[in-house]
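Next comes my_file.pdb, a file with PDB, C-alpha atoms.
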```pdb
ATOM      1  CA  MET A   1      22.266  19.084   2.671
ATOM      2  CA  ALA A   2      20.536  15.707   2.543
ATOM      3  CA  SER A   3      20.015  13.868   5.799
ATOM      4  CA  GLY A   4      21.494  10.423   6.397
ATOM      5  CA  VAL A   5      18.099   8.907   5.756
ATOM      6  CA  GLU A   6      17.873  10.552   2.342
ATOM      7  CA  ARG A   7      21.323   9.328   1.267
ATOM      8  CA  HIS A   8      20.614   5.666   1.968
ATOM      9  CA  ARG A   9      18.730   3.234  -0.187
ATOM     10  CA  LEU A  10      16.491   2.351   2.780
ATOM     11  CA  ALA A  11      16.537  -1.432   2.637
ATOM     12  CA  GLY A  12      14.418  -1.426   5.781
ATOM     13  CA  ILE A  13      11.639   0.446   3.996
ATOM     14  CA  GLU A  14      11.752  -2.040   1.119
ATOM     15  CA  ALA A  15      11.545  -4.857   3.670
ATOM     16  CA  LEU A  16       8.504  -3.261   5.300
ATOM     17  CA  ARG A  17       6.829  -3.088   1.909
ATOM     18  CA  GLY A  18       7.421  -6.820   1.733
ATOM     19  CA  VAL A  19       5.880  -7.268   5.178
ATOM     20  CA  ALA A  20       2.801  -5.325   4.093
ATOM     21  CA  ALA A  21       2.361  -7.394   0.923
ATOM     22  CA  ILE A  22       2.799 -10.678   2.794
ATOM     23  CA  ALA A  23       0.290  -9.625   5.460
ATOM     24  CA  VAL A  24      -2.408  -8.913   2.860
ATOM     25  CA  LEU A  25      -1.574 -12.151   1.044
ATOM     26  CA  LEU A  26      -1.969 -14.197   4.239
ATOM     27  CA  CYS A  27      -5.312 -12.532   4.950
ATOM     28  CA  HIS A  28      -6.784 -13.327   1.550
ATOM     29  CA  ALA A  29      -5.424 -16.866   1.333
ATOM     30  CA  ALA A  30      -6.908 -17.680   4.750
ATOM     31  CA  THR A  31     -10.236 -16.135   3.749
ATOM     32  CA  HIS A  32     -10.354 -18.331   0.639
ATOM     33  CA  VAL A  33      -9.576 -21.490   2.626
ATOM     34  CA  ASP A  34     -12.182 -20.637   5.254
ATOM     35  CA  LEU A  35     -14.879 -20.138   2.617
ATOM     36  CA  ALA A  36     -13.980 -23.485   1.042
ATOM     37  CA  PHE A  37     -13.420 -25.638   4.127
ATOM     38  CA  GLY A  38     -14.714 -23.745   7.129
ATOM     39  CA  THR A  39     -11.540 -22.882   9.055
ATOM     40  CA  PRO A  40     -12.588 -19.976  11.307
ATOM     41  CA  THR A  41      -9.528 -20.199  13.552
ATOM     42  CA  LEU A  42      -7.118 -19.849  10.651
ATOM     43  CA  ARG A  43      -9.143 -16.983   9.229
ATOM     44  CA  ALA A  44      -9.318 -15.236  12.607
ATOM     45  CA  TRP A  45      -5.537 -15.302  13.032
ATOM     46  CA  MET A  46      -4.753 -14.287   9.467
ATOM     47  CA  ARG A  47      -7.551 -11.732   8.997
ATOM     48  CA  PRO A  48      -5.562  -8.969  10.756
ATOM     49  CA  GLY A  49      -3.247  -9.117   7.749
ATOM     50  CA  HIS A  50      -5.466  -6.438   6.249
ATOM     51  CA  ASN A  51      -3.278  -4.133   8.359
ATOM     52  CA  GLY A  52      -0.809  -4.383   5.490
ATOM     53  CA  VAL A  53      -2.935  -1.652   3.900
ATOM     54  CA  ASP A  54      -2.325   0.590   6.919
ATOM     55  CA  LEU A  55       1.390  -0.032   6.552
ATOM     56  CA  PHE A  56       1.228   0.736   2.826
ATOM     57  CA  PHE A  57      -0.597   4.032   3.424
ATOM     58  CA  VAL A  58       1.873   5.228   6.066
ATOM     59  CA  LEU A  59       4.738   4.197   3.786
ATOM     60  CA  SER A  60       3.187   6.234   0.951
ATOM     61  CA  GLY A  61       3.046   9.386   3.042
ATOM     62  CA  PHE A  62       6.593   8.841   4.269
ATOM     63  CA  LEU A  63       8.112   8.147   0.872
ATOM     64  CA  LEU A  64       6.285  10.878  -1.024
ATOM     65  CA  LEU A  65       7.595  13.614   1.245
ATOM     66  CA  LEU A  66      11.020  11.998   1.510
ATOM     67  CA  ILE A  67      11.419  11.733  -2.268
ATOM     68  CA  HIS A  68       9.805  15.033  -3.264
ATOM     69  CA  ARG A  69      10.860  17.316  -0.402
ATOM     70  CA  ARG A  70      13.057  19.371  -2.720
ATOM     71  CA  ASP A  71      10.158  19.754  -5.166
ATOM     72  CA  VAL A  72       7.979  21.594  -2.636
ATOM     73  CA  GLY A  73       7.213  25.108  -3.883
ATOM     74  CA  GLN A  74       8.753  24.324  -7.279
ATOM     75  CA  PRO A  75       5.899  24.325  -9.839
ATOM     76  CA  ARG A  76       8.284  23.587 -12.715
ATOM     77  CA  ARG A  77       8.861  20.144 -11.172
ATOM     78  CA  VAL A  78       5.188  19.176 -11.238
ATOM     79  CA  PRO A  79       5.369  17.481 -14.670
ATOM     80  CA  ARG A  80       8.207  15.211 -13.531
ATOM     81  CA  TYR A  81       6.405  14.468 -10.256
ATOM     82  CA  ALA A  82       3.150  13.679 -12.081
ATOM     83  CA  TRP A  83       4.940  11.468 -14.607
ATOM     84  CA  ARG A  84       6.625   9.462 -11.848
ATOM     85  CA  ARG A  85       3.361   9.003  -9.953
ATOM     86  CA  ILE A  86       1.394   8.039 -13.084
ATOM     87  CA  THR A  87       3.991   5.568 -14.317
ATOM     88  CA  ARG A  88       4.292   4.046 -10.864
ATOM     89  CA  ILE A  89       0.577   3.464 -10.348
ATOM     90  CA  TYR A  90      -1.295   3.070 -13.606
ATOM     91  CA  PRO A  91       0.445   0.806 -16.167
ATOM     92  CA  VAL A  92       0.852  -2.166 -13.822
ATOM     93  CA  TYR A  93      -2.596  -1.584 -12.380
ATOM     94  CA  TRP A  94      -4.177  -1.479 -15.848
ATOM     95  CA  THR A  95      -2.540  -4.815 -16.612
ATOM     96  CA  ALA A  96      -3.974  -6.323 -13.431
ATOM     97  CA  LEU A  97      -7.361  -4.727 -14.147
ATOM     98  CA  ALA A  98      -7.430  -6.190 -17.679
ATOM     99  CA  ALA A  99      -6.571  -9.635 -16.317
ATOM    100  CA  THR A 100      -9.297  -9.317 -13.688
ATOM    101  CA  ILE A 101     -11.909  -8.350 -16.275
ATOM    102  CA  VAL A 102     -10.920 -11.193 -18.610
ATOM    103  CA  ILE A 103     -11.092 -13.728 -15.801
ATOM    104  CA  GLY A 104     -14.465 -12.384 -14.732
ATOM    105  CA  VAL A 105     -15.919 -12.473 -18.246
ATOM    106  CA  THR A 106     -14.623 -15.982 -18.970
ATOM    107  CA  GLY A 107     -16.069 -17.035 -15.622
ATOM    108  CA  GLY A 108     -19.525 -15.936 -16.719
ATOM    109  CA  HIS A 109     -19.813 -12.584 -14.914
ATOM    110  CA  GLY A 110     -20.400 -10.553 -18.061
ATOM    111  CA  TRP A 111     -18.880  -7.282 -19.216
ATOM    112  CA  PRO A 112     -18.895  -4.362 -16.774
ATOM    113  CA  SER A 113     -20.829  -1.195 -17.458
ATOM    114  CA  LEU A 114     -19.011   1.605 -19.258
ATOM    115  CA  SER A 115     -19.353   3.965 -16.288
ATOM    116  CA  ARG A 116     -17.862   1.496 -13.826
ATOM    117  CA  LEU A 117     -15.128   0.582 -16.298
ATOM    118  CA  THR A 118     -14.239   4.242 -16.751
ATOM    119  CA  LEU A 119     -14.091   4.853 -13.003
ATOM    120  CA  SER A 120     -11.977   1.743 -12.539
ATOM    121  CA  ILE A 121      -9.520   2.756 -15.262
ATOM    122  CA  SER A 122      -9.137   6.294 -13.933
ATOM    123  CA  LEU A 123      -9.123   5.378 -10.217
ATOM    124  CA  TRP A 124     -11.156   8.508  -9.624
ATOM    125  CA  PRO A 125     -11.667   8.666  -5.834
ATOM    126  CA  THR A 126     -15.382   7.968  -5.492
ATOM    127  CA  ILE A 127     -17.298   5.527  -3.315
ATOM    128  CA  THR A 128     -17.944   3.362  -6.392
ATOM    129  CA  VAL A 129     -16.140   0.056  -5.896
ATOM    130  CA  PRO A 130     -13.569  -0.523  -8.688
ATOM    131  CA  LEU A 131     -13.622  -3.699 -10.759
ATOM    132  CA  HIS A 132     -10.303  -4.787  -9.316
ATOM    133  CA  PRO A 133     -11.199  -5.793  -5.738
ATOM    134  CA  LEU A 134      -8.109  -4.157  -4.216
ATOM    135  CA  ALA A 135      -8.056  -0.965  -6.280
ATOM    136  CA  TRP A 136      -9.992   0.957  -3.626
ATOM    137  CA  THR A 137      -6.652   1.568  -1.905
ATOM    138  CA  LEU A 138      -5.284   3.083  -5.112
ATOM    139  CA  GLN A 139      -8.189   5.533  -5.140
ATOM    140  CA  TYR A 140      -6.838   6.856  -1.838
ATOM    141  CA  GLU A 141      -3.335   7.004  -3.291
ATOM    142  CA  VAL A 142      -4.482   9.001  -6.334
ATOM    143  CA  MET A 143      -6.365  11.421  -4.087
ATOM    144  CA  PHE A 144      -3.284  11.876  -1.909
ATOM    145  CA  TYR A 145      -1.012  12.410  -4.904
ATOM    146  CA  GLY A 146      -3.388  15.014  -6.289
ATOM    147  CA  LEU A 147      -3.583  17.050  -3.091
ATOM    148  CA  PHE A 148       0.164  16.773  -2.565
ATOM    149  CA  THR A 149       0.596  18.396  -5.982
ATOM    150  CA  VAL A 150      -0.699  21.670  -4.529
ATOM    151  CA  LEU A 151       2.277  21.641  -2.159
ATOM    152  CA  LEU A 152       4.620  21.535  -5.130
ATOM    153  CA  ILE A 153       2.831  24.348  -6.928
ATOM    154  CA  HIS A 154       2.781  26.674  -3.906
ATOM    155  CA  ARG A 155       4.209  25.733  -0.510
ATOM    156  CA  ARG A 156       1.957  27.882   1.666
ATOM    157  CA  LEU A 157      -1.206  27.051  -0.255
ATOM    158  CA  GLY A 158      -0.289  23.373  -0.175
ATOM    159  CA  LEU A 159       0.177  23.449   3.594
ATOM    160  CA  ILE A 160      -3.216  25.124   3.973
ATOM    161  CA  VAL A 161      -4.886  22.510   1.758
ATOM    162  CA  LEU A 162      -3.280  19.644   3.666
ATOM    163  CA  ALA A 163      -4.173  21.226   7.022
ATOM    164  CA  LEU A 164      -7.795  21.612   5.954
ATOM    165  CA  TRP A 165      -7.842  18.019   4.737
ATOM    166  CA  LEU A 166      -6.462  16.769   8.042
ATOM    167  CA  ALA A 167      -9.002  18.853   9.963
ATOM    168  CA  ALA A 168     -11.846  17.456   7.839
ATOM    169  CA  ILE A 169     -10.700  13.884   8.497
ATOM    170  CA  VAL A 170     -10.611  14.459  12.249
ATOM    171  CA  ILE A 171     -13.964  16.293  12.350
ATOM    172  CA  ALA A 172     -15.630  13.602  10.228
ATOM    173  CA  GLN A 173     -14.912  11.026  12.930
ATOM    174  CA  VAL A 174     -17.115  13.017  15.317
ATOM    175  CA  VAL A 175     -19.558  14.869  13.069
ATOM    176  CA  PRO A 176     -21.071  13.270   9.938
ATOM    177  CA  ILE A 177     -19.906  15.895   7.444
ATOM    178  CA  GLY A 178     -19.672  13.527   4.473
ATOM    179  CA  GLY A 179     -16.782  13.759   2.086
ATOM    180  CA  GLY A 180     -16.507  10.128   1.023
ATOM    181  CA  LEU A 181     -12.970   8.820   0.738
ATOM    182  CA  ALA A 182     -11.483  12.226   1.507
ATOM    183  CA  THR A 183     -12.662  12.150   5.124
ATOM    184  CA  ASN A 184     -12.324   8.425   5.786
ATOM    185  CA  ILE A 185     -10.021   7.647   8.704
ATOM    186  CA  PHE A 186      -7.722   5.689   6.370
ATOM    187  CA  ALA A 187      -6.589   8.999   4.856
ATOM    188  CA  ILE A 188      -5.032  10.146   8.132
ATOM    189  CA  GLU A 189      -2.342   7.511   7.724
ATOM    190  CA  PHE A 190      -0.733   9.512   4.911
ATOM    191  CA  PHE A 191      -0.210  12.280   7.457
ATOM    192  CA  PHE A 192       1.399   9.837   9.888
ATOM    193  CA  GLY A 193       3.890   8.942   7.177
ATOM    194  CA  MET A 194       4.625  12.560   6.272
ATOM    195  CA  ALA A 195       5.107  13.410   9.939
ATOM    196  CA  VAL A 196       7.711  10.653  10.246
ATOM    197  CA  ALA A 197       9.564  11.894   7.144
ATOM    198  CA  GLU A 198       9.590  15.456   8.514
ATOM    199  CA  ARG A 199      10.781  14.317  11.948
ATOM    200  CA  LEU A 200      13.610  12.261  10.491
ATOM    201  CA  HIS A 201      14.660  15.197   8.347
ATOM    202  CA  THR A 202      14.781  17.710  11.202
ATOM    203  CA  HIS A 203      15.681  15.476  14.177
ATOM    204  CA  PRO A 204      17.195  12.172  13.030
ATOM    205  CA  PRO A 205      17.574   9.770  15.967
ATOM    206  CA  SER A 206      20.718   7.881  16.818
ATOM    207  CA  PRO A 207      20.827   4.384  15.295
ATOM    208  CA  ARG A 208      20.396   2.827  18.741
ATOM    209  CA  ARG A 209      17.353   4.931  19.528
ATOM    210  CA  ALA A 210      15.919   4.252  16.078
ATOM    211  CA  VAL A 211      16.212   0.500  16.639
ATOM    212  CA  MET A 212      14.315   0.892  19.907
ATOM    213  CA  ILE A 213      11.597   2.911  18.165
ATOM    214  CA  ALA A 214      11.272   0.285  15.438
ATOM    215  CA  GLY A 215      11.047  -2.455  18.066
ATOM    216  CA  ALA A 216       8.329  -0.588  19.972
ATOM    217  CA  GLY A 217       6.368  -0.044  16.772
ATOM    218  CA  ALA A 218       6.644  -3.708  15.821
ATOM    219  CA  LEU A 219       5.536  -4.779  19.297
ATOM    220  CA  VAL A 220       2.416  -2.595  19.249
ATOM    221  CA  PHE A 221       1.627  -3.623  15.660
ATOM    222  CA  LEU A 222       1.833  -7.332  16.489
ATOM    223  CA  THR A 223      -0.048  -6.858  19.777
ATOM    224  CA  ALA A 224      -2.892  -5.195  17.873
ATOM    225  CA  TRP A 225      -2.819  -8.101  15.386
ATOM    226  CA  THR A 226      -3.204 -10.539  18.304
ATOM    227  CA  ALA A 227      -5.931  -8.462  19.931
ATOM    228  CA  GLU A 228      -7.903  -8.424  16.696
ATOM    229  CA  ALA A 229      -7.452 -12.170  16.214
ATOM    230  CA  MET A 230      -8.721 -12.739  19.758
ATOM    231  CA  GLY A 231     -11.759 -10.554  19.147
ATOM    232  CA  TRP A 232     -10.656  -7.779  21.501
ATOM    233  CA  LEU A 233     -10.132  -5.185  18.761
ATOM    234  CA  TYR A 234     -12.470  -4.409  15.892
ATOM    235  CA  GLY A 235     -10.051  -4.400  13.001
ATOM    236  CA  TYR A 236     -12.094  -2.178  10.697
ATOM    237  CA  GLY A 237     -12.854   0.670  13.073
ATOM    238  CA  VAL A 238     -11.284   4.028  13.866
ATOM    239  CA  ALA A 239      -9.320   2.710  16.864
ATOM    240  CA  ALA A 240      -7.678   0.024  14.729
ATOM    241  CA  ARG A 241      -6.690   2.569  12.086
ATOM    242  CA  LEU A 242      -5.033   4.730  14.723
ATOM    243  CA  ILE A 243      -3.267   1.848  16.453
ATOM    244  CA  TYR A 244      -2.069   0.178  13.280
ATOM    245  CA  GLY A 245      -1.247   3.506  11.642
ATOM    246  CA  LEU A 246       0.725   4.978  14.544
ATOM    247  CA  SER A 247       2.607   1.751  15.251
ATOM    248  CA  ALA A 248       3.407   1.484  11.540
ATOM    249  CA  ALA A 249       4.724   5.057  11.670
ATOM    250  CA  ALA A 250       7.015   4.153  14.567
ATOM    251  CA  LEU A 251       8.166   1.029  12.768
ATOM    252  CA  ILE A 252       8.896   2.971   9.562
ATOM    253  CA  GLY A 253      10.654   5.803  11.347
ATOM    254  CA  GLY A 254      12.762   3.384  13.336
ATOM    255  CA  ALA A 255      13.605   1.284  10.290
ATOM    256  CA  ALA A 256      14.623   4.337   8.258
ATOM    257  CA  GLY A 257      16.547   5.945  11.106
ATOM    258  CA  SER A 258      18.472   2.769  11.873
ATOM    259  CA  GLU A 259      19.480   2.143   8.259
ATOM    260  CA  GLY A 260      22.822   0.377   8.304
ATOM    261  CA  ALA A 261      22.431  -0.700  11.932
ATOM    262  CA  LEU A 262      19.861  -3.386  11.132
ATOM    263  CA  HIS A 263      20.366  -6.099   8.557
ATOM    264  CA  TRP A 264      17.129  -7.039   6.813
ATOM    265  CA  PRO A 265      16.683 -10.449   5.173
ATOM    266  CA  ARG A 266      17.450 -10.239   1.473
ATOM    267  CA  THR A 267      14.317 -12.264   0.679
ATOM    268  CA  LEU A 268      12.132  -9.746   2.499
ATOM    269  CA  VAL A 269      13.756  -6.868   0.598
ATOM    270  CA  LEU A 270      13.056  -8.676  -2.690
ATOM    271  CA  PHE A 271       9.435  -9.130  -1.625
ATOM    272  CA  GLY A 272       9.350  -5.400  -0.975
ATOM    273  CA  GLN A 273      10.625  -4.583  -4.442
ATOM    274  CA  ALA A 274       7.829  -6.723  -5.882
ATOM    275  CA  SER A 275       5.232  -5.639  -3.310
ATOM    276  CA  TYR A 276       3.056  -3.590  -5.671
ATOM    277  CA  ALA A 277       2.814  -6.419  -8.192
ATOM    278  CA  ILE A 278       2.175  -8.921  -5.395
ATOM    279  CA  TYR A 279      -0.604  -6.723  -4.059
ATOM    280  CA  LEU A 280      -2.292  -6.403  -7.454
ATOM    281  CA  PHE A 281      -1.831  -9.942  -8.759
ATOM    282  CA  HIS A 282      -1.938 -12.248  -5.725
ATOM    283  CA  LEU A 283      -5.709 -12.763  -5.892
ATOM    284  CA  ILE A 284      -5.321 -13.869  -9.490
ATOM    285  CA  GLY A 285      -2.635 -16.347  -8.452
ATOM    286  CA  ILE A 286      -4.822 -17.666  -5.636
ATOM    287  CA  GLY A 287      -7.789 -18.095  -7.983
ATOM    288  CA  ILE A 288      -5.790 -19.871 -10.659
ATOM    289  CA  ALA A 289      -4.163 -22.251  -8.169
ATOM    290  CA  TRP A 290      -7.554 -23.062  -6.667
ATOM    291  CA  GLN A 291      -9.169 -23.785 -10.023
ATOM    292  CA  VAL A 292      -6.246 -25.906 -11.197
ATOM    293  CA  GLY A 293      -6.350 -27.884  -7.960
ATOM    294  CA  LEU A 294     -10.063 -28.536  -8.326
ATOM    295  CA  ARG A 295      -9.731 -29.664 -11.930
ATOM    296  CA  LEU A 296      -6.865 -32.004 -11.083
ATOM    297  CA  GLY A 297      -8.805 -33.384  -8.142
ATOM    298  CA  ILE A 298      -6.084 -32.508  -5.637
ATOM    299  CA  VAL A 299      -7.110 -33.390  -2.088
ATOM    300  CA  LEU A 300      -5.167 -31.620   0.652
ATOM    301  CA  PRO A 301      -5.776 -30.669   4.281
ATOM    302  CA  PRO A 302      -6.897 -27.036   4.642
ATOM    303  CA  ILE A 303      -3.567 -25.912   6.120
ATOM    304  CA  LEU A 304      -1.698 -27.248   3.086
ATOM    305  CA  TRP A 305      -4.169 -25.559   0.776
ATOM    306  CA  PHE A 306      -3.476 -22.371   2.689
ATOM    307  CA  ALA A 307       0.273 -22.778   2.158
ATOM    308  CA  LEU A 308      -0.250 -23.582  -1.520
ATOM    309  CA  LEU A 309      -2.431 -20.517  -2.082
ATOM    310  CA  VAL A 310       0.065 -18.265  -0.301
ATOM    311  CA  ILE A 311       2.856 -19.570  -2.528
ATOM    312  CA  ALA A 312       0.703 -19.230  -5.659
ATOM    313  CA  GLY A 313      -0.306 -15.668  -4.808
ATOM    314  CA  GLY A 314       3.276 -14.655  -4.092
ATOM    315  CA  ALA A 315       4.518 -16.357  -7.251
ATOM    316  CA  ALA A 316       1.924 -14.583  -9.391
ATOM    317  CA  GLY A 317       3.062 -11.254  -8.005
ATOM    318  CA  GLY A 318       6.720 -12.133  -8.480
ATOM    319  CA  VAL A 319       6.184 -13.108 -12.108
ATOM    320  CA  ALA A 320       4.162  -9.946 -12.727
ATOM    321  CA  HIS A 321       6.957  -7.886 -11.205
ATOM    322  CA  ILE A 322       9.586  -9.414 -13.472
ATOM    323  CA  VAL A 323       7.526  -9.673 -16.661
ATOM    324  CA  VAL A 324       5.273  -6.613 -16.375
ATOM    325  CA  GLU A 325       6.204  -4.094 -13.710
ATOM    326  CA  ARG A 326       9.971  -3.863 -14.039
ATOM    327  CA  PRO A 327      10.068  -3.598 -17.859
ATOM    328  CA  ILE A 328       7.265  -1.028 -17.901
ATOM    329  CA  LEU A 329       8.932   1.200 -15.311
ATOM    330  CA  THR A 330      12.311   0.921 -16.987
ATOM    331  CA  ARG A 331      10.917   1.839 -20.393
ATOM    332  CA  MET A 332       8.589   4.619 -19.328
ATOM    333  CA  ARG A 333      11.051   6.352 -17.029
ATOM    334  CA  ARG A 334      13.529   6.594 -19.847
ATOM    335  CA  ARG A 335      11.056   9.015 -21.427
ATOM    336  CA  PRO A 336      10.298  11.633 -18.784
ATOM    337  CA  PRO A 337       8.193  14.661 -19.734
ATOM    338  CA  ALA A 338      10.007  17.631 -21.183
TER
END
```
Structure encoded using structure tokens:
Amino acid sequence: MASGVERHRLAGIEALRGVAAIAVLLCHAATHVDLAFGTPTLRAWMRPGHNGVDLFFVLSGFLLLLIHRRDVGQPRRVPRYAWRRITRIYPVYWTALAATIVIGVTGGHGWPSLSRLTLSISLWPTITVPLHPLAWTLQYEVMFYGLFTVLLIHRRLGLIVLALWLAAIVIAQVVPIGGGLATNIFAIEFFFGMAVAERLHTHPPSPRRAVMIAGAGALVFLTAWTAEAMGWLYGYGVAARLIYGLSAAALIGGAAGSEGALHWPRTLVLFGQASYAIYLFHLIGIGIAWQVGLRLGIVLPPILWFALLVIAGGAAGGVAHIVVERPILTRMRRRPPA
């Protein structure tokens, strides 16, 4: 029997996707303004928005187990699982990658090498930086999806593989065992998400308790944001990954467990539905808005430029969601594998 969490649409989870996308957008818009005008205070307070990636990773772990729990130990369901993962990640990403390459070439950067292009298209999880500046996170996602597949093929073997992966991540933080992306601390956040999904399935909290958990997670998340902005927390270290990741897990678990008890702003839910497109296309929107402004000779205070770039980045993602992402998903998911 499905739990209450599994029966709901989870508007709170959609809203948190929106929060993650907005956080990353704020970070990059502030970085652009600081490079152009020298606004270190703005950049310092918006830079912690990179924690949107932590939120995305925990959400991925949570949603993958939530959605595919019944597929565990069912190898015949692997084709459907793979098709859903491929159609979710690649077509929209390839569109963003093509746009990025075209912009780079027209800007005088030249064509990329075939090897780097191939790695960027495939998102093979290597330390090679993809051509799309944000696609490194998708390399983690592809790695996670691949290892999760073992769980679908054989439950016990999958649990062993995931346990060994988790052990390698933990050991790598103490002993330099190598492993590249597979042992980077970022990868542990998928486990935080899966742990939340498992806990909600076996021991769902009362709505009141779930609201309290979500509030505690939000408080710690925002406190860490402030601490990083003040220079008290190194935002790119192991401690930050654990603090942001665990607080995101509490926030996600609370939001999912309190579904129906909390009313999320409709705008934030819409941002969440477009979050993947916003993530992939917002840098393009920021770049276009900046170039247009320069060519038109627009003179604005830095804070207004910041607002303009945030709006442009969000708009680019919204348009991409409507014009590219939604039609692609609708069309491709009408043709699932046999």
Name the residues that the PyMOL selection byres ((chain A and resi 44) around 12) picks from the file above, as a PyMOL selection string, using the file's chain letters and numbers. chain A and resi 26-28+30-31+33-34+38-43+45-50+225-235
Counting only C-alpha atoms, which residues come within 8 Å of (1.9, -0.1, 6.8), with the point read in the file's coordinates, and could you list them as a list in words? Leu16, Arg17, Ala20, Asn51, Gly52, Val53, Asp54, Leu55, Phe56, Phe57, Val58, Leu59, Tyr244, Gly245, Ala248 and Ala249 of chain A
When you look at Ile288 in chain A with a cut-off of 10 Å (counting all atoms listed in the file), what residues show up, excluding the ones that are within fewer than 5 positions of it in the same chain? I need them as a tab-separated table (two decimals) with C-alpha atoms, in the coordinates of the input.
```
chain	number	residue	atom	x	y	z
A	103	ILE	CA	-11.09	-13.73	-15.80
A	282	HIS	CA	-1.94	-12.25	-5.72
A	283	LEU	CA	-5.71	-12.76	-5.89
A	293	GLY	CA	-6.35	-27.88	-7.96
A	294	LEU	CA	-10.06	-28.54	-8.33
A	309	LEU	CA	-2.43	-20.52	-2.08
A	312	ALA	CA	0.70	-19.23	-5.66
A	313	GLY	CA	-0.31	-15.67	-4.81
A	316	ALA	CA	1.92	-14.58	-9.39
```
Evaluate the PyMOL selection byres ((chain A and resi 284) around 12) and report residues as a ChimeraX atom specification: /A:25,28-29,95-104,132-134,277-283,285-291,309-310,312-317,319-320
Can I get the selection written as a compact mmCIF listing (two decimals), in the coordinates of the input, with C-alpha atoms?
```
# COMPACT_ATOMS: atom_id res chain seq x y z
CA LEU A 25 -1.57 -12.15 1.04
CA HIS A 28 -6.78 -13.33 1.55
CA ALA A 29 -5.42 -16.87 1.33
CA THR A 95 -2.54 -4.82 -16.61
CA ALA A 96 -3.97 -6.32 -13.43
CA LEU A 97 -7.36 -4.73 -14.15
CA ALA A 98 -7.43 -6.19 -17.68
CA ALA A 99 -6.57 -9.64 -16.32
CA THR A 100 -9.30 -9.32 -13.69
CA ILE A 101 -11.91 -8.35 -16.27
CA VAL A 102 -10.92 -11.19 -18.61
CA ILE A 103 -11.09 -13.73 -15.80
CA GLY A 104 -14.46 -12.38 -14.73
CA HIS A 132 -10.30 -4.79 -9.32
CA PRO A 133 -11.20 -5.79 -5.74
CA LEU A 134 -8.11 -4.16 -4.22
CA ALA A 277 2.81 -6.42 -8.19
CA ILE A 278 2.17 -8.92 -5.40
CA TYR A 279 -0.60 -6.72 -4.06
CA LEU A 280 -2.29 -6.40 -7.45
CA PHE A 281 -1.83 -9.94 -8.76
CA HIS A 282 -1.94 -12.25 -5.72
CA LEU A 283 -5.71 -12.76 -5.89
CA GLY A 285 -2.64 -16.35 -8.45
CA ILE A 286 -4.82 -17.67 -5.64
CA GLY A 287 -7.79 -18.10 -7.98
CA ILE A 288 -5.79 -19.87 -10.66
CA ALA A 289 -4.16 -22.25 -8.17
CA TRP A 290 -7.55 -23.06 -6.67
CA GLN A 291 -9.17 -23.78 -10.02
CA LEU A 309 -2.43 -20.52 -2.08
CA VAL A 310 0.06 -18.26 -0.30
CA ALA A 312 0.70 -19.23 -5.66
CA GLY A 313 -0.31 -15.67 -4.81
CA GLY A 314 3.28 -14.66 -4.09
CA ALA A 315 4.52 -16.36 -7.25
CA ALA A 316 1.92 -14.58 -9.39
CA GLY A 317 3.06 -11.25 -8.01
CA VAL A 319 6.18 -13.11 -12.11
CA ALA A 320 4.16 -9.95 -12.73
```
Go through the shown structure with the PyMOL selection byres ((chain A and resi 127) around 9) and write out the matching residues as a PyMOL selection string. chain A and resi 125-126+128-130+136+180-181
Starting from the incomplete input, reconstruct N, CA, C and O atoms of range 87-94 of chain A and write that as a compact mmCIF listing (two decimals), keeping the file's coordinate frame.
```txt
# COMPACT_ATOMS: atom_id res chain seq x y z
N THR A 87 3.33 6.79 -13.85
CA THR A 87 3.99 5.57 -14.32
C THR A 87 4.12 4.54 -13.21
O THR A 87 4.15 3.33 -13.47
N ARG A 88 4.17 4.99 -11.98
CA ARG A 88 4.29 4.05 -10.86
C ARG A 88 2.98 3.32 -10.60
O ARG A 88 2.97 2.13 -10.28
N ILE A 89 1.87 4.03 -10.72
CA ILE A 89 0.58 3.46 -10.35
C ILE A 89 -0.14 2.78 -11.51
O ILE A 89 -0.54 1.62 -11.42
N TYR A 90 -0.30 3.49 -12.62
CA TYR A 90 -1.30 3.07 -13.61
C TYR A 90 -0.92 1.90 -14.53
O TYR A 90 -1.74 0.98 -14.69
N PRO A 91 0.22 1.87 -15.18
CA PRO A 91 0.44 0.81 -16.17
C PRO A 91 0.33 -0.61 -15.59
O PRO A 91 -0.33 -1.48 -16.18
N VAL A 92 0.93 -0.84 -14.45
CA VAL A 92 0.85 -2.17 -13.82
C VAL A 92 -0.58 -2.44 -13.36
O VAL A 92 -1.10 -3.55 -13.52
N TYR A 93 -1.21 -1.42 -12.81
CA TYR A 93 -2.60 -1.58 -12.38
C TYR A 93 -3.51 -1.90 -13.56
O TYR A 93 -4.37 -2.79 -13.46
N TRP A 94 -3.33 -1.20 -14.68
CA TRP A 94 -4.18 -1.48 -15.85
C TRP A 94 -4.00 -2.92 -16.33
O TRP A 94 -4.95 -3.55 -16.78
```
